[in-house]
Every structure is written in structure tokens, then in C-alpha cells.
Amino acid sequence: MDYKDLADLIFPNAKEISYYEEKYPERNLKEGAVVTRFAPSPTGFVHIGGLYQALVAREMAKKTDGVFFLRVEDTDQKREVENGVTGIVNSLKDFDMAPDEGMISDTEEIGNYGPYKQSLRKDIYEAYAKYLIKQGKAYPCFCTPEEGEEIRKKQEAAKIRPGYYGVWAKCRNLTVEEAAEKIKNGEKYIIRFKSPGREDRKIKHHDVIKGNVDFPENDQDIVIIKADGLPTYHFAHAVDDHLMRTTLVIRSDEWLSSVPLHLQLFHELGFKAPKYAHIAPIMKNDNGNKRKLSKRKDPEAAVSYYKEEGIPSDAVKEYLLNIANSTFENWRRANPEKSMDEFEFNINKMSVSGALFDMVKLLDIGKTVISKMTKEEVYEKSLEWAKEYDGELAEMLENKEYSLRIFGIERGNKKPRKDIAKWSDVKNSIVYMYDDKFLNGDNTYEYAKISDKEEINKILKLYIDKYFDINDDKETWFNKIKDLSEECGYAREVKEFKANPEKWPAHVGDVSTVLRVSLTGRQNTPDMYEIMEVLGKDSVVNRLNKAIR
RNA sequence: GGCCCCGUGGUCAAGCGGUUAAGACAUCGCCCUUUCACGGCGGAGACAUGGGUUCGAUUCCCGUCGGGGUCACCA
């Protein structure tokens, strides 16, 4: 009995690997094209760090005319969530980052290198595991998880490196006969890789992001096929990324320390190893300590959060791009109108250490992104958001014509307003433009400098009776407010007032504030002339009258 | 603990042997302005630390300290 017999005993039905090698040939892509992937577990949850990786992967594929695909790593059934894949696909779509190939829902996929769901690739992993066993590069291991635990305890007690390796790898030295005997007796087993490595030897690795990193060789006989018959991450990674012809593996840097193992696996399997780019995770400051953004503790860890909050997906992407390549910021300043797709992304310039997530900066980008939109875009996007998350807002936006007039205030000029960072800000920034909301609200106005009730009444009455005319152009409109100020005993020019503040109790700006507050309930608003125009004569008069008490 | 990675203002970060050590966000002040936002101008604010190497170190080497990752039949 030899290795081949043992292999046949374990995987009697597995195909020869040549079958798969032919089925999944080298991709016919142009020189320099990069094949990347995003390979999450089907939890339905996409972490902002995952989106970051996917963004980088997609950028690389896009700029080289390569391929970006989505593979689902569901070899751990515990992680499986119903409709998880669809959730992930939809999240990518929300960010306009749908993959070129791979899974497109829980059951569907596109592309010629599938299945793209690992649980559907069992036959493939078995073929390659058999291939290794046949060469004596993998073996069945009969140790139970409990035994494994015991071994580790012993190692810990003796203060030596834990793991299944060297003398601790009990089953590695079983003869094929012994192994076959146990199998025939029905003993449970898993398949382990027989590592040819030695811990006292170093390997050199060049990571696309981290640069040169030296490691001790891997000497752990890691399991490649688990008791449930599915492969471990390591084995699936090697087999899949080889067969799917991935050329650049972009993943979180928690995988960096597995590189020696992975390289060894690729080598023993006879595969050409891909390049690796290990991305530093996005961190958060937690009481002075840096830690990864946590799914459990930090709502902003989930990409769904950004959608719910109405932070534009472009803002999130620009923020991420900004973390990835700080030159993006300069490029953006120089090219304010260009699409971010035109930015020349450079993976080599990525930071080696994890950046602290900065919501303030993200929101700042959100303001800029929204400020550049047309009123129609602002309308469409906020309506889209409102339909899902804010019924009241959606209702307010039903009158499209009126909404567009509101969104048109101070928009489209060279210095557009930057007061909306996310769609959830919209309601608050426009509510007072709706008579039914404004007039029925409990409006206890808070005036500023001029706060005397009689004085306010006087100003308002005079304005309504003598000065207000909805047809005035802006200049005469404001001149009238100056006249009003003068008539009521205030300075008609702010400059004059500042030169001689003792001459008047207040100035035209303060009078304007009285009108502004009476009209909108707040001291800070966009251009008041435009607001009056949009509100219309009746509403203005009505509001001012209501403010007289 | 072993192994690996990292350490420039509050944050993201350029710089990689000789720089007045960029820029952005945040912050403060001023200007613009009927308010706010925008915009403009300006301020404060950093090379973790100790040794080397060197004519000269933020840049190179070593130690220390600090931070992070990893050591599963999870990915």
C-alpha cells in the first residue's frame, strides 16, 4: 500500500486535478491586467474595512483592465446568514461597486471561473487534497479536537511554541497502512498538510503594501480539510485563487502572518503564488487605545450605517480613497469637477499602518460632494433616501416643483452652500419652508439683539404695510429694509454702525434678523430674499403677521 | 510570551541624509457679509525616546518605550 492507495481510499471519487486545470485556464487578459477579488463570508454584513478592500481591489482591476470578482467564503457554516450574499451584493451596489464576475445573489453568479461560493466547490478541494495525499504532502489526522487541546496545554506549560508540528504532529508519521487501518475501522479524521518547512529558516516576502517582510518558514501541519469535509481558509485560498487566476490578493493585514503558510501551500501544490497586498485596517480610538472598528460596538463599522444616515456613497468612497492615497486630496482640489474614477490610484502608496476613522472629515467630504450636485440631483437623492428612511421627509418632497425651488436656493453658483453633509440633514434644513409644518409648530421664536416685543411688532407691521413687495428685485428689496431700519431708528449701514456704535441701538443686520426669525424661526438661514421668493407673498405676510403678538 | 508590522501636529498624512518639516480635516483670529454656510487671509500645533554612523540625522543602524497584528477542525 502506498500514498496513492491511501488517497484513493480517502477520496475515491475525486477527479484528477488536470480536469480543473483545463476547465479554468489562464485568463486571456492584456499584459499587466490584474485580477483581484473581494472574498467575504456570507454574513450579509459588510464592514467598512471590507468595503475599503473591495474599493482598492476594484481600482486595481479597473486601472489595468483586469477583473474584479466576488467570491463567497462560506466554509464556516456558523457564519452563514440567510440571504447574506444578497446583502453583500446589494451593499456593493449601493456604492456602485458591483463586481465584474462572481456571486450576484445568494444563488446566482456570473463568470467562467465558478462556482464562486466555496461550499459548492467541495469536489475541487477534494481533488487537490487527494493530489497532495498522493504525493505524501498531506495526510489524515485522527487526533480529536480534545487531543489537540491537550497538546497545546502541554506546550504552553513547557513554554514552547504551540501547534501541530514536528514531534507534536503525532499522525504525520503514521504509516499508510496504519492510517488505512484506522479509516477502515471508522475512526474520524481530518486532512492535514505535511509542512516541509523549518522554523529556523527564513523566507523573504515582498508585499505590495507592506514592503519586504521576513518570516520564519511555516512548519505547522495545518488542517486543510475539516471534519465537516469543507476546506479551511488557507487551503481554499490557495486552490481558489489559483483556479480563479487571481493575480493580486488584496486582504486585511491580519492575514500577513499567514503568508509563509500560504506561499508554502502554493509551492507544494505546484501553483504560481499571487502577489499580496495587505491592507491596514481602519481603526477607532477607544479610550486612548487604537482598535479595529468593531461590528458590535461601532455602528459606523457597518456600511449599511452610511446608507441609513444618508451619507452619499461617493463621499464614503472619496473618504476611503483619501485614506488609501493621501494624494487623492490634492488631486481632488486640482480637479474639483472630475469623476473620482479618473484619479490614478497607486496601491504602492498606501499606508502601512491603520488610520483612525474620522467621521468629521467624512462629513466634510459629504458637504462638498452634495454642494456640487444640481438641485435636481439633491432632490432625487434625498427623495430616494427619504422613501426608505423618513416618511415625513418623503411627504414633504412630494411637491417636486416646490422642493426644487427650495433646493435651488443659493445652489448652482460658484460658491454653493455647504450645509448638507448627509441626506438625513435635509429635513431639518428645509422644514421651515413648509407652511403646514412651520405655522402649526410651537413657535417660540428666539430673537437676537432686537428682542423687545413692542419693537419687533413695530418693525414687522411697518414692513408688511409699507415696505414688503414680493416683486422687488433684490437690490430694492434690501434698500427697503435699510429704509425700514432708518425709519425705526436703526443704522441703515452696518459699517456706519460699527464706526459709531453709540449712535444707534442696532443696525440693519439686526433688523434683518427680526424678519428672518419671524419668517423662519431661526437666526441662521440661507439668503432671505430667495427664501421670501420661494415662500411667496401670502406665506410671507402670513408668517410675519403671526409673529406679531 | 514567540513571531511580524508600525511610531511626523488632535486626526489623515507629504517628506526618506542638509527643507523656514508641505497639504487636508478639526481648532483659533481677522476679512467678506443683512444671519449662517461658502470663500479669502493669518495663528497655534509634530519628527516617541536613548545611543550610535555621519561634517550633518525626521530620514540609516541598534536598544528602550508605545501601538497594532498573529499564534483554531474561524475566516
# chains A, B, ... in the order shown; residues from 1 in each chain; ligands from 1

call {"tool": "interface_residues", "arguments": {"of": "chain A", "to": "chain B", "cutoff": "7 Å", "atoms": "only C-alpha atoms (C1' of nucleotides)", "output": "list in words"}}
result
Asp76, Arg161, Val223, Lys226, Ala227, Tyr233, Glu254, Ser257, Ile323, Ser326, Glu329, Ser353, Asp358, Lys361, Lys415, Pro416, Arg417, Lys418, Asp419, Val508, Gly509, Ser512, Thr513, Gln523, Asn524, Thr525 and Pro526 of chain A

call {"tool": "select_by_dssp", "arguments": {"residues": "segment 99-323 of chain A", "states": "strand (DSSP E)", "output": "ChimeraX atom specification"}}
result
/A:101-103,109-110,138-141,190-193,202-207,211-216,223-225,248-252,275-279,283-286,289-292

call {"tool": "write_last_selection", "arguments": {"atoms": "N, CA and C atoms", "output": "CSV table (one decimal), in the first residue's frame"}}
result
chain,number,residue,atom,x,y,z
A,101,GLU,N,-17.4,39.8,-12.0
A,101,GLU,CA,-17.9,38.4,-12.0
A,101,GLU,C,-18.0,37.9,-10.6
A,102,GLY,N,-18.6,36.7,-10.5
A,102,GLY,CA,-18.8,36.1,-9.2
A,102,GLY,C,-20.2,36.1,-8.8
A,103,MET,N,-20.5,36.0,-7.5
A,103,MET,CA,-21.8,36.0,-7.0
A,103,MET,C,-22.6,37.3,-7.3
A,109,GLU,N,-24.8,33.5,-10.1
A,109,GLU,CA,-23.4,34.1,-10.3
A,109,GLU,C,-23.2,34.3,-11.8
A,110,ILE,N,-22.2,35.1,-12.1
A,110,ILE,CA,-21.8,35.2,-13.5
A,110,ILE,C,-20.3,35.0,-13.6
A,138,ALA,N,0.2,15.5,2.2
A,138,ALA,CA,-0.9,15.7,3.1
A,138,ALA,C,-1.2,14.3,3.7
A,139,TYR,N,-1.9,14.3,4.9
A,139,TYR,CA,-2.2,13.0,5.5
A,139,TYR,C,-3.4,13.1,6.4
A,140,PRO,N,-4.0,12.0,6.6
A,140,PRO,CA,-5.2,12.0,7.5
A,140,PRO,C,-4.7,12.1,9.0
A,141,CYS,N,-5.4,12.9,9.7
A,141,CYS,CA,-5.0,13.0,11.1
A,141,CYS,C,-6.2,12.6,12.0
A,190,ILE,N,-9.4,14.1,9.9
A,190,ILE,CA,-9.3,15.3,9.1
A,190,ILE,C,-8.1,15.2,8.2
A,191,ILE,N,-7.9,16.1,7.3
A,191,ILE,CA,-6.7,16.1,6.4
A,191,ILE,C,-5.8,17.2,6.8
A,192,ARG,N,-4.5,16.9,7.0
A,192,ARG,CA,-3.5,17.9,7.3
A,192,ARG,C,-2.5,18.0,6.2
A,193,PHE,N,-2.0,19.2,6.1
A,193,PHE,CA,-0.9,19.4,5.2
A,193,PHE,C,0.4,19.0,5.9
A,202,LYS,N,14.5,31.2,7.2
A,202,LYS,CA,13.7,32.4,7.0
A,202,LYS,C,13.2,32.5,5.5
A,203,ILE,N,12.1,33.1,5.3
A,203,ILE,CA,11.6,33.3,4.0
A,203,ILE,C,11.5,34.8,3.8
A,204,LYS,N,11.7,35.2,2.5
A,204,LYS,CA,11.5,36.6,2.2
A,204,LYS,C,10.3,36.8,1.4
A,205,HIS,N,9.6,37.8,1.8
A,205,HIS,CA,8.3,38.1,1.1
A,205,HIS,C,8.2,39.5,0.8
A,206,HIS,N,7.8,39.8,-0.4
A,206,HIS,CA,7.6,41.2,-0.8
A,206,HIS,C,6.1,41.5,-0.9
A,207,ASP,N,5.6,42.3,0.0
A,207,ASP,CA,4.2,42.6,0.0
A,207,ASP,C,4.0,43.9,-0.8
A,211,GLY,N,5.8,46.1,1.9
A,211,GLY,CA,7.2,46.0,1.5
A,211,GLY,C,7.8,44.7,1.9
A,212,ASN,N,9.1,44.7,2.1
A,212,ASN,CA,9.8,43.5,2.4
A,212,ASN,C,9.6,43.0,3.8
A,213,VAL,N,9.1,41.8,4.0
A,213,VAL,CA,8.9,41.3,5.3
A,213,VAL,C,9.5,39.9,5.4
A,214,ASP,N,10.3,39.7,6.4
A,214,ASP,CA,10.9,38.3,6.6
A,214,ASP,C,10.2,37.6,7.6
A,215,PHE,N,10.0,36.3,7.4
A,215,PHE,CA,9.3,35.4,8.3
A,215,PHE,C,10.1,34.1,8.5
A,216,PRO,N,9.9,33.5,9.6
A,216,PRO,CA,10.4,32.1,9.7
A,216,PRO,C,9.5,31.3,8.8
A,223,VAL,N,-4.6,22.1,9.2
A,223,VAL,CA,-5.6,21.2,8.6
A,223,VAL,C,-6.1,21.9,7.3
A,224,ILE,N,-6.2,21.0,6.3
A,224,ILE,CA,-6.7,21.6,5.1
A,224,ILE,C,-8.2,21.2,4.8
A,225,ILE,N,-8.6,20.0,5.3
A,225,ILE,CA,-10.0,19.6,5.1
A,225,ILE,C,-10.5,19.3,6.5
A,248,LEU,N,-3.6,39.2,-7.8
A,248,LEU,CA,-3.2,40.1,-6.7
A,248,LEU,C,-4.3,39.9,-5.6
A,249,VAL,N,-3.8,39.3,-4.5
A,249,VAL,CA,-4.7,39.1,-3.4
A,249,VAL,C,-4.6,40.3,-2.4
A,250,ILE,N,-5.8,41.0,-2.4
A,250,ILE,CA,-5.9,42.2,-1.5
A,250,ILE,C,-6.7,41.8,-0.3
A,251,ARG,N,-6.2,41.9,0.8
A,251,ARG,CA,-6.9,41.4,2.0
A,251,ARG,C,-6.4,42.2,3.2
A,252,SER,N,-7.1,42.0,4.3
A,252,SER,CA,-6.8,42.7,5.6
A,252,SER,C,-5.4,42.2,6.1
A,275,LYS,N,0.5,37.8,-6.1
A,275,LYS,CA,1.1,38.9,-5.3
A,275,LYS,C,0.1,39.2,-4.1
A,276,TYR,N,0.7,39.7,-3.1
A,276,TYR,CA,-0.2,40.0,-1.9
A,276,TYR,C,-0.1,41.5,-1.6
A,277,ALA,N,-1.3,42.0,-1.2
A,277,ALA,CA,-1.3,43.4,-0.7
A,277,ALA,C,-2.1,43.4,0.6
A,278,HIS,N,-1.4,43.5,1.7
A,278,HIS,CA,-2.1,43.5,3.0
A,278,HIS,C,-2.4,44.9,3.5
A,279,ILE,N,-3.7,45.1,3.6
A,279,ILE,CA,-4.2,46.4,3.9
A,279,ILE,C,-4.4,46.6,5.4
A,283,MET,N,-9.1,51.9,12.0
A,283,MET,CA,-9.2,51.9,13.4
A,283,MET,C,-10.1,52.9,14.0
A,284,LYS,N,-10.2,52.8,15.3
A,284,LYS,CA,-11.0,53.7,16.1
A,284,LYS,C,-10.3,54.0,17.4
A,285,ASN,N,-10.4,55.2,17.9
A,285,ASN,CA,-9.8,55.5,19.2
A,285,ASN,C,-10.8,55.1,20.3
A,286,ASP,N,-10.3,54.2,21.1
A,286,ASP,CA,-11.2,53.8,22.2
A,286,ASP,C,-10.5,54.0,23.5
A,289,ASN,N,-6.8,53.9,23.2
A,289,ASN,CA,-6.3,52.8,22.5
A,289,ASN,C,-6.8,52.7,21.1
A,290,LYS,N,-6.0,52.3,20.3
A,290,LYS,CA,-6.4,52.1,18.9
A,290,LYS,C,-7.0,50.7,18.8
A,291,ARG,N,-8.1,50.5,18.2
A,291,ARG,CA,-8.6,49.2,17.9
A,291,ARG,C,-9.4,49.2,16.6
A,292,LYS,N,-9.5,48.0,16.1
A,292,LYS,CA,-10.3,48.0,14.8
A,292,LYS,C,-11.7,48.4,15.1

call {"tool": "select_by_dssp", "arguments": {"residues": "segment 348-434 of chain A", "states": "alpha helix (DSSP H)", "output": "ChimeraX atom specification"}}
result
/A:359-371,375-389,391-396,400-407,426-430

call {"tool": "write_last_selection", "arguments": {"atoms": "N, CA and C atoms", "output": "compact mmCIF listing (two decimals), in the first residue's frame"}}
result
# COMPACT_ATOMS: atom_id res chain seq x y z
N MET A 359 -14.97 60.61 11.31
CA MET A 359 -16.31 60.92 10.82
C MET A 359 -16.43 62.39 10.43
N VAL A 360 -15.74 63.25 11.15
CA VAL A 360 -15.83 64.68 10.85
C VAL A 360 -15.34 64.96 9.44
N LYS A 361 -14.27 64.31 9.10
CA LYS A 361 -13.72 64.51 7.77
C LYS A 361 -14.64 63.91 6.70
N LEU A 362 -15.18 62.77 7.00
CA LEU A 362 -16.12 62.15 6.07
C LEU A 362 -17.28 63.10 5.80
N LEU A 363 -17.82 63.67 6.86
CA LEU A 363 -18.96 64.57 6.72
C LEU A 363 -18.56 65.83 5.95
N ASP A 364 -17.35 66.26 6.14
CA ASP A 364 -16.88 67.41 5.38
C ASP A 364 -16.86 67.09 3.89
N ILE A 365 -16.42 65.87 3.58
CA ILE A 365 -16.42 65.46 2.18
C ILE A 365 -17.86 65.35 1.69
N GLY A 366 -18.74 64.88 2.57
CA GLY A 366 -20.15 64.79 2.22
C GLY A 366 -20.71 66.15 1.83
N LYS A 367 -20.36 67.18 2.59
CA LYS A 367 -20.82 68.53 2.29
C LYS A 367 -20.34 68.98 0.92
N THR A 368 -19.10 68.71 0.66
CA THR A 368 -18.54 69.12 -0.62
C THR A 368 -19.19 68.37 -1.77
N VAL A 369 -19.35 67.08 -1.58
CA VAL A 369 -19.96 66.27 -2.63
C VAL A 369 -21.38 66.77 -2.94
N ILE A 370 -22.14 67.02 -1.88
CA ILE A 370 -23.52 67.46 -2.10
C ILE A 370 -23.58 68.89 -2.66
N SER A 371 -22.64 69.71 -2.22
CA SER A 371 -22.66 71.10 -2.70
C SER A 371 -22.45 71.18 -4.21
N LYS A 375 -29.69 70.99 -8.18
CA LYS A 375 -30.86 70.87 -7.32
C LYS A 375 -31.65 69.61 -7.64
N GLU A 376 -31.65 69.23 -8.92
CA GLU A 376 -32.37 68.02 -9.31
C GLU A 376 -31.75 66.79 -8.64
N GLU A 377 -30.42 66.74 -8.66
CA GLU A 377 -29.75 65.60 -8.03
C GLU A 377 -30.03 65.56 -6.53
N VAL A 378 -29.94 66.72 -5.92
CA VAL A 378 -30.20 66.78 -4.48
C VAL A 378 -31.61 66.30 -4.21
N TYR A 379 -32.52 66.74 -5.07
CA TYR A 379 -33.91 66.33 -4.90
C TYR A 379 -34.06 64.81 -5.03
N GLU A 380 -33.54 64.28 -6.13
CA GLU A 380 -33.68 62.85 -6.38
C GLU A 380 -33.08 62.01 -5.26
N LYS A 381 -31.88 62.39 -4.86
CA LYS A 381 -31.18 61.59 -3.84
C LYS A 381 -31.84 61.68 -2.48
N SER A 382 -32.28 62.88 -2.13
CA SER A 382 -32.89 62.96 -0.81
C SER A 382 -34.25 62.27 -0.81
N LEU A 383 -34.93 62.33 -1.95
CA LEU A 383 -36.22 61.64 -2.03
C LEU A 383 -36.00 60.13 -1.92
N GLU A 384 -35.00 59.67 -2.63
CA GLU A 384 -34.69 58.23 -2.61
C GLU A 384 -34.39 57.78 -1.18
N TRP A 385 -33.61 58.60 -0.51
CA TRP A 385 -33.28 58.27 0.88
C TRP A 385 -34.52 58.33 1.76
N ALA A 386 -35.29 59.40 1.60
CA ALA A 386 -36.46 59.62 2.44
C ALA A 386 -37.49 58.50 2.28
N LYS A 387 -37.65 58.03 1.08
CA LYS A 387 -38.62 56.97 0.84
C LYS A 387 -38.33 55.76 1.71
N GLU A 388 -37.05 55.53 1.95
CA GLU A 388 -36.70 54.37 2.74
C GLU A 388 -36.61 54.66 4.24
N TYR A 389 -36.19 55.84 4.58
CA TYR A 389 -35.88 56.08 5.99
C TYR A 389 -36.65 57.20 6.68
N GLY A 391 -40.38 58.91 6.26
CA GLY A 391 -41.65 59.11 5.58
C GLY A 391 -42.09 60.57 5.56
N GLU A 392 -41.85 61.26 6.64
CA GLU A 392 -42.27 62.66 6.72
C GLU A 392 -41.55 63.50 5.66
N LEU A 393 -40.27 63.24 5.55
CA LEU A 393 -39.49 63.97 4.54
C LEU A 393 -40.00 63.64 3.14
N ALA A 394 -40.26 62.36 2.93
CA ALA A 394 -40.74 61.92 1.62
C ALA A 394 -42.02 62.67 1.26
N GLU A 395 -42.85 62.84 2.25
CA GLU A 395 -44.11 63.56 2.05
C GLU A 395 -43.83 65.01 1.68
N MET A 396 -42.91 65.60 2.41
CA MET A 396 -42.56 67.00 2.13
C MET A 396 -42.05 67.16 0.70
N LYS A 400 -42.71 68.26 -6.09
CA LYS A 400 -41.39 68.34 -6.68
C LYS A 400 -41.00 69.76 -7.06
N GLU A 401 -41.96 70.46 -7.65
CA GLU A 401 -41.64 71.81 -8.12
C GLU A 401 -41.20 72.70 -6.96
N TYR A 402 -41.98 72.62 -5.88
CA TYR A 402 -41.67 73.44 -4.72
C TYR A 402 -40.33 73.02 -4.10
N SER A 403 -40.13 71.69 -4.02
CA SER A 403 -38.88 71.18 -3.46
C SER A 403 -37.68 71.66 -4.26
N LEU A 404 -37.84 71.64 -5.56
CA LEU A 404 -36.72 72.08 -6.40
C LEU A 404 -36.41 73.56 -6.17
N ARG A 405 -37.45 74.32 -5.91
CA ARG A 405 -37.20 75.74 -5.65
C ARG A 405 -36.43 75.92 -4.36
N ILE A 406 -36.79 75.10 -3.37
CA ILE A 406 -36.06 75.18 -2.10
C ILE A 406 -34.59 74.78 -2.30
N PHE A 407 -34.42 73.64 -2.96
CA PHE A 407 -33.04 73.16 -3.16
C PHE A 407 -32.24 74.08 -4.08
N VAL A 426 -31.32 66.87 5.54
CA VAL A 426 -32.20 67.63 4.66
C VAL A 426 -33.46 68.14 5.36
N LYS A 427 -34.09 67.25 6.08
CA LYS A 427 -35.36 67.66 6.68
C LYS A 427 -35.20 68.90 7.54
N ASN A 428 -34.24 68.84 8.40
CA ASN A 428 -34.04 69.98 9.29
C ASN A 428 -33.69 71.26 8.52
N SER A 429 -33.03 71.09 7.40
CA SER A 429 -32.63 72.31 6.70
C SER A 429 -33.74 72.88 5.82
N ILE A 430 -34.83 72.14 5.66
CA ILE A 430 -35.91 72.70 4.84
C ILE A 430 -37.29 72.76 5.51

call {"tool": "closest_residue", "arguments": {"among": "A:Leu120, A:Lys466, A:Val176, A:Glu126", "to": "Asn13 of chain A", "atoms": "only C-alpha atoms"}}
result
A:Glu126

call {"tool": "residues_around", "arguments": {"residues": "Ala547 of chain A", "least_positions_apart": "3", "cutoff": "12 Å", "atoms": "only C-alpha atoms (C1' of nucleotides)", "output": "number ranges by chain"}}
result
A: 438-439, 442-447, 453-454, 456-461, 464, 514-521, 540-544

call {"tool": "write_last_selection", "arguments": {"atoms": "C-alpha atoms", "output": "compact mmCIF listing (two decimals), in the first residue's frame"}}
result
# COMPACT_ATOMS: atom_id res chain seq x y z
CA PHE A 438 -43.97 75.95 10.31
CA LEU A 439 -47.25 77.62 11.15
CA ASP A 442 -44.98 75.64 18.58
CA ASN A 443 -43.01 78.64 17.50
CA THR A 444 -41.43 80.37 20.39
CA TYR A 445 -39.05 82.45 18.36
CA GLU A 446 -35.74 83.34 19.75
CA TYR A 447 -34.74 86.77 18.64
CA LYS A 453 -41.76 92.60 21.81
CA GLU A 454 -43.15 96.05 21.02
CA ILE A 456 -40.49 93.68 16.98
CA ASN A 457 -44.17 94.24 16.41
CA LYS A 458 -43.43 97.72 15.16
CA ILE A 459 -40.83 96.53 12.72
CA LEU A 460 -42.96 93.73 11.40
CA LYS A 461 -46.08 95.85 10.96
CA ILE A 464 -45.75 94.41 5.94
CA VAL A 514 -36.04 90.15 13.24
CA LEU A 515 -37.53 89.47 9.83
CA ARG A 516 -35.54 86.28 9.42
CA VAL A 517 -36.56 84.86 12.75
CA SER A 518 -40.18 85.82 12.26
CA LEU A 519 -40.13 84.23 8.85
CA THR A 520 -38.26 81.03 9.59
CA GLY A 521 -37.99 80.63 13.32
CA VAL A 540 -44.56 85.73 3.95
CA VAL A 541 -47.32 88.05 5.06
CA ASN A 542 -48.96 85.28 6.95
CA ARG A 543 -45.82 84.35 8.78
CA LEU A 544 -44.93 87.91 9.65

call {"tool": "residues_around", "arguments": {"residues": "Ile183 of chain A", "least_positions_apart": "3", "cutoff": "10 Å", "atoms": "only C-alpha atoms (C1' of nucleotides)", "output": "JSON, numbers by chain"}}
result
{"A": [6, 9, 10, 140, 142, 177, 178, 179, 180, 186, 187, 188, 189]}

call {"tool": "residues_around", "arguments": {"residues": "A44 of chain B", "least_positions_apart": "5", "cutoff": "12 Å", "atoms": "only C-alpha atoms (C1' of nucleotides)", "output": "list of chain:residue names"}}
result
B:G9, B:U27, B:C28, B:G29

call {"tool": "residues_around", "arguments": {"residues": "segment 493-497 of chain A", "least_positions_apart": "4", "cutoff": "9 Å", "atoms": "only C-alpha atoms (C1' of nucleotides)", "output": "tab-separated table (two decimals) with C-alpha atoms (C1' of nucleotides), in the first residue's frame"}}
result
chain	number	residue	atom	x	y	z
A	482	LYS	CA	-32.50	99.74	5.06
A	501	PRO	CA	-21.94	102.18	17.65
A	502	GLU	CA	-23.22	104.65	20.22
A	503	LYS	CA	-25.36	106.45	17.67
A	504	TRP	CA	-27.90	103.67	17.18
A	506	ALA	CA	-28.75	98.37	16.49
A	507	HIS	CA	-28.27	98.15	12.73
A	508	VAL	CA	-29.87	96.88	9.57
A	509	GLY	CA	-28.45	93.41	10.16
B	34	U	C1'	-28.35	91.59	6.34

call {"tool": "closest_residue", "arguments": {"among": "B:G66, B:U58, B:A48, B:C41", "to": "A21 of chain B", "atoms": "only C-alpha atoms (C1' of nucleotides)"}}
result
B:U58

call {"tool": "residues_around", "arguments": {"residues": "G40 of chain B", "least_positions_apart": "4", "cutoff": "12 Å", "atoms": "only C-alpha atoms (C1' of nucleotides)", "output": "list of chain:residue names"}}
result
B:C30, B:C31, B:C32

call {"tool": "atom_distance", "arguments": {"atom1": "atom CA of Arg79 of chain A", "atom2": "atom CA of Ala236 of chain A"}}
result
16.2 Å
